[in-house]
file structure.txt (compact mmCIF, C-alpha atoms)
# COMPACT_ATOMS: atom_id res chain seq x y z
CA MET J 1 -198.77 -42.15 -66.07
CA THR J 2 -197.44 -38.76 -65.08
CA ARG J 3 -200.50 -37.36 -63.38
CA SER J 4 -200.38 -34.88 -60.58
CA PRO J 5 -201.08 -36.43 -57.19
CA GLU J 6 -203.99 -34.03 -56.74
CA GLY J 7 -207.36 -35.05 -58.08
CA GLU J 8 -206.47 -38.71 -58.48
CA SER J 9 -209.40 -41.02 -58.29
CA PRO J 10 -209.25 -44.13 -56.08
CA ASP J 11 -208.99 -46.16 -59.31
CA ASN J 12 -205.91 -44.22 -60.40
CA ILE J 13 -204.30 -44.74 -57.03
CA ASP J 14 -205.09 -48.44 -57.14
CA GLU J 15 -203.71 -48.75 -60.65
CA LEU J 16 -200.50 -46.97 -59.63
CA ALA J 17 -200.19 -49.17 -56.53
CA SER J 18 -200.76 -52.36 -58.53
CA GLU J 19 -198.09 -51.54 -61.12
CA TYR J 20 -195.70 -50.45 -58.39
CA VAL J 21 -196.11 -53.76 -56.58
CA LEU J 22 -196.02 -55.75 -59.81
CA GLY J 23 -192.72 -54.03 -60.54
CA THR J 24 -193.37 -52.75 -64.04
CA LEU J 25 -192.87 -49.05 -63.30
CA PRO J 26 -189.62 -47.46 -64.52
CA ALA J 27 -187.01 -46.33 -61.99
CA GLU J 28 -188.04 -42.64 -61.78
CA GLN J 29 -191.65 -43.54 -61.08
CA ARG J 30 -190.66 -46.14 -58.49
CA ILE J 31 -188.61 -43.52 -56.66
CA LYS J 32 -191.44 -40.99 -56.86
CA ILE J 33 -193.95 -43.47 -55.45
CA LYS J 34 -191.60 -44.52 -52.67
CA LYS J 35 -191.35 -40.89 -51.60
CA ARG J 36 -195.14 -40.43 -51.83
CA LEU J 37 -195.84 -43.50 -49.71
CA ALA J 38 -194.57 -41.76 -46.58
CA GLN J 39 -197.22 -39.00 -46.74
CA ASP J 40 -199.98 -40.61 -48.80
CA ALA J 41 -201.98 -42.96 -46.57
CA ASP J 42 -204.39 -43.95 -49.37
CA LEU J 43 -201.56 -44.98 -51.65
CA GLN J 44 -199.85 -46.83 -48.78
CA THR J 45 -203.05 -48.76 -48.07
CA ALA J 46 -203.48 -49.62 -51.75
CA VAL J 47 -199.85 -50.76 -52.02
CA ASP J 48 -200.14 -52.89 -48.86
CA ALA J 49 -203.27 -54.55 -50.22
CA TRP J 50 -201.58 -55.35 -53.52
CA GLU J 51 -198.49 -56.72 -51.72
CA GLN J 52 -200.76 -59.12 -49.83
CA ARG J 53 -202.70 -60.07 -52.99
CA LEU J 54 -199.61 -60.98 -55.00
CA LEU J 55 -197.35 -62.23 -52.18
CA ALA J 56 -198.17 -65.89 -52.83
CA LEU J 57 -196.57 -65.56 -56.28
CA THR J 58 -193.13 -65.49 -54.61
CA GLU J 59 -193.57 -69.28 -54.32
CA LEU J 60 -193.02 -69.54 -58.06
CA ALA J 61 -189.32 -68.72 -57.70
CA GLU J 62 -187.41 -71.92 -56.99
CA PRO J 63 -185.68 -71.84 -53.58
CA GLN J 64 -181.93 -71.65 -53.74
CA PRO J 65 -179.69 -72.62 -50.82
CA PRO J 66 -177.47 -69.70 -49.83
CA SER J 67 -173.70 -70.05 -49.52
CA ALA J 68 -172.32 -70.67 -46.04
CA LEU J 69 -170.81 -67.18 -46.04
CA LEU J 70 -174.07 -65.29 -46.34
CA TRP J 71 -175.24 -65.70 -42.74
CA ARG J 72 -171.81 -64.74 -41.40
CA ARG J 73 -171.88 -61.62 -43.56
CA ILE J 74 -175.34 -60.69 -42.27
CA GLU J 75 -174.26 -61.30 -38.67
CA ARG J 76 -171.21 -59.09 -39.07
CA SER J 77 -173.24 -56.29 -40.61
CA VAL J 78 -175.93 -56.55 -37.95
CA ASN J 79 -173.34 -56.29 -35.19
CA SER J 80 -171.80 -53.20 -36.71
CA THR J 81 -175.25 -51.64 -37.30
CA ASP J 82 -176.09 -52.34 -33.68
CA ARG J 83 -173.15 -50.32 -32.54
CA ARG J 84 -174.31 -47.47 -34.72
CA ALA J 85 -177.96 -47.97 -33.81
CA SER J 86 -178.27 -45.04 -31.43
CA GLY J 87 -176.60 -42.85 -34.02
CA VAL J 88 -178.99 -44.02 -36.71
CA ALA J 89 -181.99 -43.31 -34.53
CA ALA J 90 -180.73 -39.87 -33.72
CA THR J 91 -179.93 -38.91 -37.31
CA ALA J 92 -183.57 -39.50 -38.13
CA LYS J 93 -184.30 -36.28 -36.23
CA PRO J 94 -182.32 -33.59 -38.01
CA THR J 95 -182.46 -31.17 -35.06
CA SER J 96 -181.02 -33.52 -32.46
CA TRP J 97 -178.36 -31.70 -30.47
CA TRP J 98 -176.57 -35.00 -29.95
CA ASN J 99 -175.44 -34.89 -33.58
CA LEU J 100 -174.57 -31.21 -33.78
CA LEU J 101 -170.95 -31.38 -34.83
CA PRO J 102 -170.26 -27.65 -34.20
CA LEU J 103 -171.56 -28.01 -30.63
CA TRP J 104 -169.25 -30.90 -29.76
CA ARG J 105 -166.36 -29.34 -31.62
CA GLY J 106 -166.90 -26.16 -29.62
CA LEU J 107 -167.12 -28.00 -26.32
CA ALA J 108 -164.06 -30.09 -27.13
CA GLY J 109 -162.13 -26.95 -28.05
CA THR J 110 -163.20 -25.12 -24.92
CA SER J 111 -162.30 -28.11 -22.75
CA LEU J 112 -158.86 -28.30 -24.30
CA VAL J 113 -158.21 -24.61 -23.65
CA ALA J 114 -159.51 -24.92 -20.08
CA THR J 115 -157.34 -27.97 -19.45
CA LEU J 116 -154.21 -26.23 -20.72
CA LEU J 117 -155.02 -23.10 -18.73
CA LEU J 118 -155.71 -24.96 -15.49
CA GLY J 119 -152.69 -27.17 -16.04
CA SER J 120 -150.38 -24.20 -16.48
CA ILE J 121 -151.90 -22.43 -13.45
CA LEU J 122 -151.35 -25.54 -11.37
CA LEU J 123 -147.73 -25.81 -12.49
CA THR J 124 -146.96 -22.17 -11.72
CA ARG J 125 -148.96 -22.06 -8.49
CA THR J 126 -147.76 -25.10 -6.61
CA ALA J 127 -144.34 -23.58 -5.98
CA VAL J 128 -145.93 -20.52 -4.33
CA VAL J 129 -148.73 -22.13 -2.36
CA ASN J 130 -146.92 -24.78 -0.40
CA PRO J 131 -144.34 -22.73 1.60
CA THR J 132 -146.91 -20.27 2.95
CA THR J 133 -149.39 -22.66 4.51
CA TYR J 134 -150.29 -21.67 8.06
CA LEU J 135 -152.51 -23.14 10.71
CA VAL J 136 -153.85 -21.38 13.79
CA VAL J 137 -155.84 -22.96 16.61
CA LEU J 138 -157.78 -20.41 18.66
CA VAL J 139 -158.37 -21.48 22.26
CA ALA J 140 -160.31 -19.97 25.15
CA PRO J 141 -157.76 -18.18 27.39
CA GLN J 142 -159.26 -19.57 30.64
CA ASN J 143 -159.32 -23.30 29.93
CA GLN J 144 -157.31 -23.66 26.65
CA ALA J 145 -160.33 -25.35 25.04
CA PRO J 146 -160.03 -25.07 21.23
CA GLY J 147 -162.93 -23.12 19.69
CA TRP J 148 -161.79 -22.15 16.18
CA VAL J 149 -159.24 -23.11 13.56
CA ILE J 150 -157.76 -20.76 10.96
CA GLN J 151 -156.68 -22.24 7.69
CA ALA J 152 -154.44 -20.29 5.36
CA SER J 153 -153.54 -22.65 2.57
CA ASN J 154 -154.32 -19.87 0.09
CA PRO J 155 -152.22 -16.71 0.32
CA ARG J 156 -155.14 -14.49 -0.78
CA GLU J 157 -157.52 -15.35 2.03
CA ILE J 158 -157.79 -17.09 5.37
CA GLN J 159 -160.69 -19.10 6.66
CA LEU J 160 -161.91 -19.04 10.23
CA ILE J 161 -163.63 -22.37 10.93
CA PRO J 162 -165.68 -22.96 14.10
CA LEU J 163 -165.13 -26.19 16.07
CA GLU J 164 -168.19 -25.49 18.20
CA VAL J 165 -170.84 -22.79 18.49
CA ALA J 166 -169.37 -20.11 20.74
CA GLN J 167 -171.63 -18.66 23.46
CA VAL J 168 -172.06 -14.91 22.96
CA PRO J 169 -174.32 -12.68 25.08
CA ALA J 170 -177.31 -11.33 23.16
CA ASP J 171 -176.11 -7.70 23.18
CA LYS J 172 -172.51 -8.49 22.14
CA VAL J 173 -170.71 -9.62 18.98
CA LEU J 174 -167.44 -11.40 18.24
CA GLN J 175 -164.80 -9.31 16.47
CA PHE J 176 -161.84 -10.88 14.70
CA TRP J 177 -158.36 -9.33 15.05
CA THR J 178 -154.81 -10.03 13.96
CA LYS J 179 -151.38 -8.63 14.82
CA ALA J 180 -147.98 -9.70 13.56
CA ASP J 181 -144.95 -9.27 15.80
CA GLY J 182 -143.71 -6.09 14.10
CA TRP J 183 -147.07 -4.29 13.98
CA GLN J 184 -147.99 -1.36 16.21
CA ALA J 185 -151.55 -2.52 16.93
CA PRO J 186 -154.06 -5.24 16.04
CA VAL J 187 -156.05 -4.84 12.85
CA SER J 188 -159.77 -5.73 12.69
CA LEU J 189 -160.68 -8.45 10.19
CA GLY J 190 -164.45 -8.07 10.76
CA LEU J 191 -167.36 -9.30 12.84
CA VAL J 192 -167.84 -13.05 13.15
CA LYS J 193 -171.07 -15.01 13.66
CA PRO J 194 -170.79 -17.89 16.13
CA GLY J 195 -170.84 -21.31 14.48
CA GLN J 196 -170.20 -20.02 10.95
CA THR J 197 -167.13 -20.19 8.75
CA PHE J 198 -165.71 -16.76 8.02
CA SER J 199 -163.47 -15.94 5.05
CA VAL J 200 -161.13 -12.97 5.09
CA PRO J 201 -159.36 -11.69 2.01
CA LEU J 202 -155.80 -10.67 2.82
CA ASP J 203 -155.40 -8.22 -0.06
CA ASN J 204 -154.83 -5.22 2.23
CA LEU J 205 -152.55 -6.99 4.65
CA PRO J 206 -148.92 -8.04 4.46
CA PRO J 207 -148.35 -11.79 3.99
CA LEU J 208 -148.89 -14.03 6.95
CA GLU J 209 -145.97 -14.47 9.31
CA PRO J 210 -145.08 -17.22 11.73
CA ASN J 211 -146.29 -16.49 15.24
CA GLN J 212 -148.79 -13.88 13.98
CA LEU J 213 -151.47 -13.34 16.60
CA PHE J 214 -155.19 -13.89 15.98
CA GLU J 215 -157.95 -13.25 18.50
CA LEU J 216 -161.69 -12.95 18.89
CA THR J 217 -162.94 -10.33 21.34
CA LEU J 218 -166.39 -9.56 22.71
CA GLU J 219 -167.52 -6.15 21.46
CA ASN J 220 -170.66 -4.00 21.25
CA PRO J 221 -173.09 -4.84 18.38
CA ASN J 222 -171.39 -2.70 15.69
CA GLY J 223 -167.90 -3.67 16.71
CA SER J 224 -165.21 -1.72 18.53
CA GLN J 225 -165.64 2.05 18.12
CA THR J 226 -161.93 2.79 18.62
CA GLY J 227 -160.56 0.41 15.99
CA LYS J 228 -158.75 -1.45 18.75
CA PRO J 229 -159.98 -4.43 20.76
CA THR J 230 -161.88 -3.21 23.83
CA GLY J 231 -163.75 -6.25 25.16
CA PRO J 232 -162.46 -9.44 26.76
CA ILE J 233 -160.59 -11.96 24.62
CA GLN J 234 -162.76 -15.03 23.95
CA PHE J 235 -160.32 -17.02 21.81
CA ILE J 236 -156.65 -16.54 20.99
CA GLY J 237 -153.93 -18.31 19.02
CA ARG J 238 -150.75 -17.87 17.00
CA ALA J 239 -149.95 -18.89 13.41
CA VAL J 240 -147.88 -22.04 12.97
CA LYS J 241 -146.20 -22.75 9.67
CA VAL J 242 -147.24 -26.11 8.23
CA ILE J 243 -144.85 -27.94 5.95
CA MET K 1 -183.47 -63.42 -36.76
CA GLN K 2 -181.34 -66.53 -37.22
CA ASP K 3 -184.55 -68.59 -37.16
CA LEU K 4 -186.03 -66.41 -39.86
CA TYR K 5 -182.85 -66.85 -41.87
CA GLN K 6 -182.84 -70.61 -41.52
CA GLN K 7 -186.48 -70.89 -42.50
CA GLU K 8 -186.62 -68.40 -45.33
CA SER K 9 -183.16 -67.68 -46.73
CA ALA K 10 -183.36 -70.27 -49.51
CA ARG K 11 -186.76 -69.02 -50.67
CA LEU K 12 -185.68 -65.38 -50.36
CA LEU K 13 -182.55 -66.10 -52.32
CA GLY K 14 -184.71 -67.81 -54.95
CA VAL K 15 -186.89 -64.70 -55.26
CA ALA K 16 -183.86 -62.40 -55.49
CA LYS K 17 -181.97 -64.65 -57.91
CA ARG K 18 -184.96 -64.86 -60.23
CA ILE K 19 -185.06 -61.08 -60.55
CA ALA K 20 -181.33 -60.31 -60.32
CA ARG K 21 -180.32 -63.31 -62.46
CA ASP K 22 -176.98 -63.50 -60.67
CA ASN K 23 -175.95 -65.52 -57.61
CA ALA K 24 -173.61 -63.04 -55.96
CA LEU K 25 -175.97 -60.14 -56.58
CA ALA K 26 -178.88 -62.14 -55.17
CA GLU K 27 -176.89 -62.81 -51.99
CA ASP K 28 -176.09 -59.10 -51.71
CA ILE K 29 -179.80 -58.33 -51.99
CA VAL K 30 -180.79 -60.89 -49.32
CA HIS K 31 -178.02 -59.52 -47.09
CA ASP K 32 -179.34 -55.97 -47.52
CA ALA K 33 -182.91 -57.15 -46.89
CA PHE K 34 -181.95 -58.72 -43.56
CA ILE K 35 -180.09 -55.58 -42.47
CA LYS K 36 -183.09 -53.48 -43.44
CA ILE K 37 -185.41 -55.78 -41.49
CA TRP K 38 -183.05 -55.64 -38.51
CA THR K 39 -182.69 -51.86 -38.40
CA ARG K 40 -186.40 -51.23 -39.05
CA ALA K 41 -187.81 -54.02 -36.91
CA ALA K 42 -189.15 -51.42 -34.48
CA SER K 43 -191.16 -49.78 -37.25
CA PHE K 44 -192.79 -53.05 -38.34
CA ASP K 45 -196.58 -52.81 -38.17
CA PRO K 46 -198.30 -56.23 -37.88
CA ALA K 47 -201.54 -54.63 -39.11
CA ARG K 48 -199.93 -54.33 -42.54
CA GLY K 49 -199.16 -58.04 -42.93
CA SER K 50 -197.05 -60.82 -41.51
CA ALA K 51 -193.38 -60.41 -40.65
CA ARG K 52 -192.58 -63.26 -43.00
CA GLY K 53 -194.41 -61.51 -45.82
CA TRP K 54 -192.60 -58.29 -44.98
CA ILE K 55 -189.15 -59.71 -45.63
CA PHE K 56 -190.26 -61.16 -48.95
CA ILE K 57 -191.69 -57.78 -49.95
CA VAL K 58 -188.50 -55.99 -48.87
CA THR K 59 -186.29 -58.47 -50.73
CA ARG K 60 -188.34 -58.24 -53.90
CA HIS K 61 -188.35 -54.45 -53.95
CA LEU K 62 -184.62 -54.26 -53.26
CA ALA K 63 -184.05 -56.56 -56.22
CA LEU K 64 -186.45 -54.57 -58.43
CA ASN K 65 -184.86 -51.27 -57.41
CA PHE K 66 -181.44 -52.62 -58.25
CA MET K 67 -182.53 -53.89 -61.66
CA ARG K 68 -184.42 -50.72 -62.56
CA ASP K 69 -181.67 -48.40 -61.35
CA ASN K 70 -179.08 -50.29 -63.36
CA ALA K 71 -181.23 -50.90 -66.39
CA ARG K 72 -179.45 -49.74 -69.48
CA GLU K 73 -181.97 -51.52 -71.60
CA VAL K 74 -182.55 -50.32 -75.09
CA GLN K 75 -186.05 -48.94 -75.36
CA VAL K 76 -188.04 -50.78 -77.96
CA SER K 77 -188.84 -48.33 -80.70
CA GLU K 78 -191.97 -48.35 -82.81
CA HIS K 79 -189.96 -49.84 -85.64
CA SER K 80 -188.55 -52.77 -83.79
CA GLU K 81 -191.98 -53.35 -82.28
CA MET K 82 -193.21 -54.15 -85.77
CA ALA K 83 -190.23 -56.41 -86.33
CA LEU K 84 -190.89 -58.16 -83.05
CA HIS K 85 -194.45 -58.69 -83.99
CA ASP K 86 -193.44 -60.34 -87.25
CA LEU K 87 -190.84 -62.41 -85.48
CA ALA K 88 -193.37 -63.54 -82.93
CA SER K 89 -195.85 -64.64 -85.51
CA MET K 90 -193.17 -66.68 -87.24
CA GLN K 91 -192.25 -68.47 -84.04
CA THR K 92 -194.69 -70.74 -82.39
CA SER K 93 -196.19 -68.05 -80.25
CA SER K 94 -195.26 -68.42 -76.65
CA GLY K 95 -198.38 -66.41 -75.94
CA ASN K 96 -200.69 -69.38 -75.70
CA VAL K 97 -198.44 -71.57 -73.58
CA ASP K 98 -198.02 -71.07 -69.88
CA SER K 99 -194.47 -70.18 -68.92
CA PHE K 100 -195.16 -70.83 -65.27
CA ASP K 101 -196.30 -73.89 -63.42
CA TYR K 102 -198.89 -72.08 -61.38
CA ARG K 103 -201.67 -74.67 -61.29
CA ALA K 104 -200.40 -76.87 -58.48
CA ARG K 105 -200.39 -73.89 -56.10
CA SER K 106 -203.03 -73.06 -53.61
CA GLY K 107 -204.05 -69.51 -52.83
CA ARG K 108 -206.66 -67.07 -54.05
CA ILE K 109 -204.26 -65.48 -56.52
CA TYR K 110 -203.86 -68.75 -58.43
CA VAL K 111 -207.61 -69.21 -58.71
CA CYS K 112 -207.89 -65.68 -60.09
CA LEU K 113 -205.00 -66.18 -62.51
CA GLU K 114 -207.10 -68.95 -64.09
CA GLN K 115 -209.49 -66.31 -65.32
CA LEU K 116 -206.80 -64.69 -67.47
CA GLU K 117 -205.76 -65.80 -70.91
CA PRO K 118 -202.39 -67.59 -70.81
CA ALA K 119 -200.57 -64.73 -72.58
CA ARG K 120 -201.85 -62.17 -70.11
CA ARG K 121 -201.14 -64.49 -67.22
CA ASN K 122 -197.55 -64.78 -68.47
CA CYS K 123 -197.26 -60.99 -68.55
CA ILE K 124 -198.23 -60.73 -64.90
CA LEU K 125 -195.98 -63.58 -63.81
CA HIS K 126 -192.95 -62.40 -65.82
CA ALA K 127 -193.40 -59.01 -64.24
CA TYR K 128 -193.85 -60.22 -60.67
CA VAL K 129 -191.58 -63.26 -60.54
CA ASP K 130 -188.90 -62.32 -63.09
CA GLY K 131 -189.07 -58.59 -62.42
CA TYR K 132 -189.32 -57.91 -66.14
CA SER K 133 -190.15 -54.42 -67.35
CA HIS K 134 -192.84 -53.80 -69.94
CA SER K 135 -190.31 -53.81 -72.76
CA GLN K 136 -188.58 -56.96 -71.51
CA ILE K 137 -191.93 -58.75 -71.46
CA SER K 138 -192.65 -57.39 -74.91
CA GLN K 139 -189.36 -58.84 -76.16
CA LYS K 140 -189.80 -62.11 -74.33
CA LEU K 141 -193.31 -62.74 -75.65
CA GLY K 142 -192.82 -61.06 -79.00
CA THR K 143 -195.83 -58.88 -78.30
CA PRO K 144 -195.91 -55.13 -79.03
CA LEU K 145 -195.07 -52.91 -76.06
CA GLY K 146 -198.41 -51.10 -76.15
CA THR K 147 -200.28 -54.40 -76.08
CA VAL K 148 -198.25 -55.64 -73.12
CA LYS K 149 -198.98 -52.44 -71.20
CA ALA K 150 -202.69 -52.67 -71.92
CA TRP K 151 -202.85 -56.38 -71.06
CA ILE K 152 -201.13 -55.83 -67.76
CA LYS K 153 -203.33 -52.89 -66.89
CA ARG K 154 -206.53 -54.83 -67.64
CA SER K 155 -205.29 -58.04 -66.01
CA LEU K 156 -204.60 -56.17 -62.79
CA VAL K 157 -208.16 -54.83 -62.81
CA VAL K 158 -209.47 -58.39 -63.31
CA LEU K 159 -207.32 -59.70 -60.47
CA ARG K 160 -208.47 -56.85 -58.24
CA GLU K 161 -212.12 -57.70 -58.88
CA CYS K 162 -211.54 -61.41 -58.44
CA MET K 163 -209.58 -61.09 -55.20
CA GLY K 164 -211.48 -58.23 -53.61
call {"tool": "encode", "arguments": {"input": "structure.txt", "output": "structure tokens"}}
result
Amino acid sequence: MTRSPEGESPDNIDELASEYVLGTLPAEQRIKIKKRLAQDADLQTAVDAWEQRLLALTELAEPQPPSALLWRRIERSVNSTDRRASGVAATAKPTSWWNLLPLWRGLAGTSLVATLLLGSILLTRTAVVNPTTYLVVLVAPQNQAPGWVIQASNPREIQLIPLEVAQVPADKVLQFWTKADGWQAPVSLGLVKPGQTFSVPLDNLPPLEPNQLFELTLENPNGSQTGKPTGPIQFIGRAVKVI
Amino acid sequence: MQDLYQQESARLLGVAKRIARDNALAEDIVHDAFIKIWTRAASFDPARGSARGWIFIVTRHLALNFMRDNAREVQVSEHSEMALHDLASMQTSSGNVDSFDYRARSGRIYVCLEQLEPARRNCILHAYVDGYSHSQISQKLGTPLGTVKAWIKRSLVVLRECMG
């Protein structure tokens, strides 16, 4: 009975299949055949045919009514298998990332660290951020029409946000300036494109002060050559502390 | 699934009980068979037989696996084979009497079983219905193990030819 699978004649395969279905093979051989069935189509076909041939013999066992508990047991097990069903399907593929424990462990660990880090940053930051929130509305000097808003809720940078697209002659640019009360002269914060938000880091400047002046002037294409505003003021406003 | 249970559970339990020879164990086997059917329903291939047949096949093999895996049966040695043979010849040999009431059944298999001698027919039926191993059949019929093996082998060939 212990032949190698190679070189088996159809008769041998049929004999093996018939004894497997009949049930007379010992445990080790049953296990071996069960494993072979998955890859061996000929054996599978032979086994299926024998199952069908002998199936009617199951009638010879007298029916026996099951206990009332059996169906409830089956139902309970089916419900719990259902909940695991997706897991079962996935475990069939050994490479499925969904079941890679190290991956999820890693992600869970990283998330925990990130949460703690962000949480501690939030706790330490809130006390600093709130008192230094400033708002500036820049208006046109002629008609007081608001054109830009400056937001400074973050002490590291301010944002210049357009309320409308400012009209600038083709050969001119807008330059952004600021000057606190105690300063000798305005400092350039850069060239601004009409209609676009402009962020300015404040690393090289002292902290914002109440009443600090901001303005946009009309300058030649590369900005003021002197480092001071030279063209006409287009928009101007002063910082107001927001509580 | 509940329909299948209501229609077939008694017959399935009968099949399992006959092989497992224990009520509680038979219920465990039928329980496992239904779970297996449920979790593998998607892999069921109608080309390989009916769904009803499938659950009988699953139940029977679960029962056989259990019995074989837990078999601590004493292998019949050459010596005791001789003793069995003597014992069998002293008893009114069960070999010529049918142990199964197979005649009233319809189905090709029963027609083909007619072609076998009663003793050989009993071997096949003890194996399939009772889940007996070669040595259990040998003990039951008082026939030497080698003879039982040869009878079964030849009977299966006869059935194969008869049934196509």
call {"tool": "residues_around", "arguments": {"input": "structure.txt", "residues": "segment 67-69 of chain K", "least_positions_apart": "2", "cutoff": "9 Å", "atoms": "only C-alpha atoms", "output": "PyMOL selection string"}}
result
(chain J and resi 25-28+30) or (chain K and resi 19-20+62-65+71-72+131+133)
call {"tool": "interface_residues", "arguments": {"input": "structure.txt", "of": "chain K", "to": "chain J", "cutoff": "8 Å", "atoms": "all atoms listed in the file", "output": "PyMOL selection string"}}
result
chain K and resi 5+9-15+18+27+31+34-35+38-39+48-49+53+56-57+61+64-65+68-69+100-102+107+109+124-125+127-129+131-134+153+156-157+163
call {"tool": "atom_distance", "arguments": {"input": "structure.txt", "atom1": "atom CA of Thr230 of chain J", "atom2": "atom CA of Gln167 of chain J"}}
result
18.3 Å
call {"tool": "closest_residue", "arguments": {"input": "structure.txt", "among": "J:Leu216, J:Val47, J:Leu37, J:Ile13", "to": "Pro141 of chain J", "atoms": "all atoms listed in the file"}}
result
J:Leu216
call {"tool": "atom_distance", "arguments": {"input": "structure.txt", "atom1": "atom CA of Thr217 of chain J", "atom2": "atom CA of Pro229 of chain J"}}
result
6.6 Å
call {"tool": "residues_around", "arguments": {"input": "structure.txt", "residues": "Ala51 of chain K", "least_positions_apart": "6", "cutoff": "12 Å", "atoms": "all atoms listed in the file", "output": "list in words"}}
result
Gln52 of chain J; Met1, Leu4, Glu8, Phe34, Ile37, Trp38, Arg40, Ala41, Ala42, Ser43, Phe44, Asp45, Ile57 and Val58 of chain K
call {"tool": "residues_around", "arguments": {"input": "structure.txt", "residues": "Gln212 of chain J", "least_positions_apart": "5", "cutoff": "6 Å", "atoms": "only C-alpha atoms", "output": "MDAnalysis selection string"}}
result
chainID J and resid 179:180 238:239
call {"tool": "closest_residue", "arguments": {"input": "structure.txt", "among": "J:Trp148, J:Trp177, J:Phe235, J:Trp183", "to": "Leu160 of chain J", "atoms": "all atoms listed in the file"}}
result
J:Trp148
call {"tool": "closest_residue", "arguments": {"input": "structure.txt", "among": "K:Ala119, K:Arg60, K:Gly164, K:Ser50", "to": "Gly142 of chain K", "atoms": "all atoms listed in the file"}}
result
K:Ala119
call {"tool": "atom_distance", "arguments": {"input": "structure.txt", "atom1": "atom CA of Leu101 of chain J", "atom2": "atom CA of Thr115 of chain J"}}
result
20.8 Å
call {"tool": "residues_around", "arguments": {"input": "structure.txt", "residues": "Arg154 of chain K", "least_positions_apart": "5", "cutoff": "12 Å", "atoms": "all atoms listed in the file", "output": "list in words"}}
result
Glu15, Ser18 and Glu19 of chain J; Leu116, Glu117, Arg120, Arg121, Cys123, Ile124, Thr147, Val148, Lys149, Leu159, Arg160 and Glu161 of chain K
call {"tool": "build_atoms", "arguments": {"input": "structure.txt", "residues": "segment 18-29 of chain K", "atoms": "N, CA and C atoms", "output": "compact mmCIF listing (two decimals), keeping the file's coordinate frame"}}
result
# COMPACT_ATOMS: atom_id res chain seq x y z
N ARG K 18 -184.09 -64.86 -59.06
CA ARG K 18 -184.96 -64.86 -60.23
C ARG K 18 -184.98 -63.47 -60.86
N ILE K 19 -184.98 -62.45 -60.03
CA ILE K 19 -185.06 -61.08 -60.55
C ILE K 19 -183.66 -60.58 -60.94
N ALA K 20 -182.66 -60.84 -60.07
CA ALA K 20 -181.33 -60.31 -60.32
C ALA K 20 -180.57 -61.13 -61.36
N ARG K 21 -180.95 -62.39 -61.50
CA ARG K 21 -180.32 -63.31 -62.46
C ARG K 21 -178.81 -63.45 -62.24
N ASP K 22 -178.40 -63.36 -60.97
CA ASP K 22 -176.98 -63.50 -60.67
C ASP K 22 -176.85 -63.93 -59.21
N ASN K 23 -176.06 -64.96 -58.96
CA ASN K 23 -175.95 -65.52 -57.61
C ASN K 23 -175.41 -64.52 -56.59
N ALA K 24 -174.27 -63.93 -56.92
CA ALA K 24 -173.61 -63.04 -55.96
C ALA K 24 -174.50 -61.83 -55.68
N LEU K 25 -175.10 -61.30 -56.73
CA LEU K 25 -175.97 -60.14 -56.58
C LEU K 25 -177.19 -60.50 -55.72
N ALA K 26 -177.73 -61.70 -55.96
CA ALA K 26 -178.88 -62.14 -55.17
C ALA K 26 -178.52 -62.24 -53.69
N GLU K 27 -177.32 -62.72 -53.40
CA GLU K 27 -176.89 -62.81 -51.99
C GLU K 27 -176.73 -61.42 -51.39
N ASP K 28 -176.19 -60.49 -52.19
CA ASP K 28 -176.09 -59.10 -51.71
C ASP K 28 -177.47 -58.55 -51.36
N ILE K 29 -178.45 -58.86 -52.20
CA ILE K 29 -179.80 -58.33 -51.99
C ILE K 29 -180.41 -58.93 -50.71
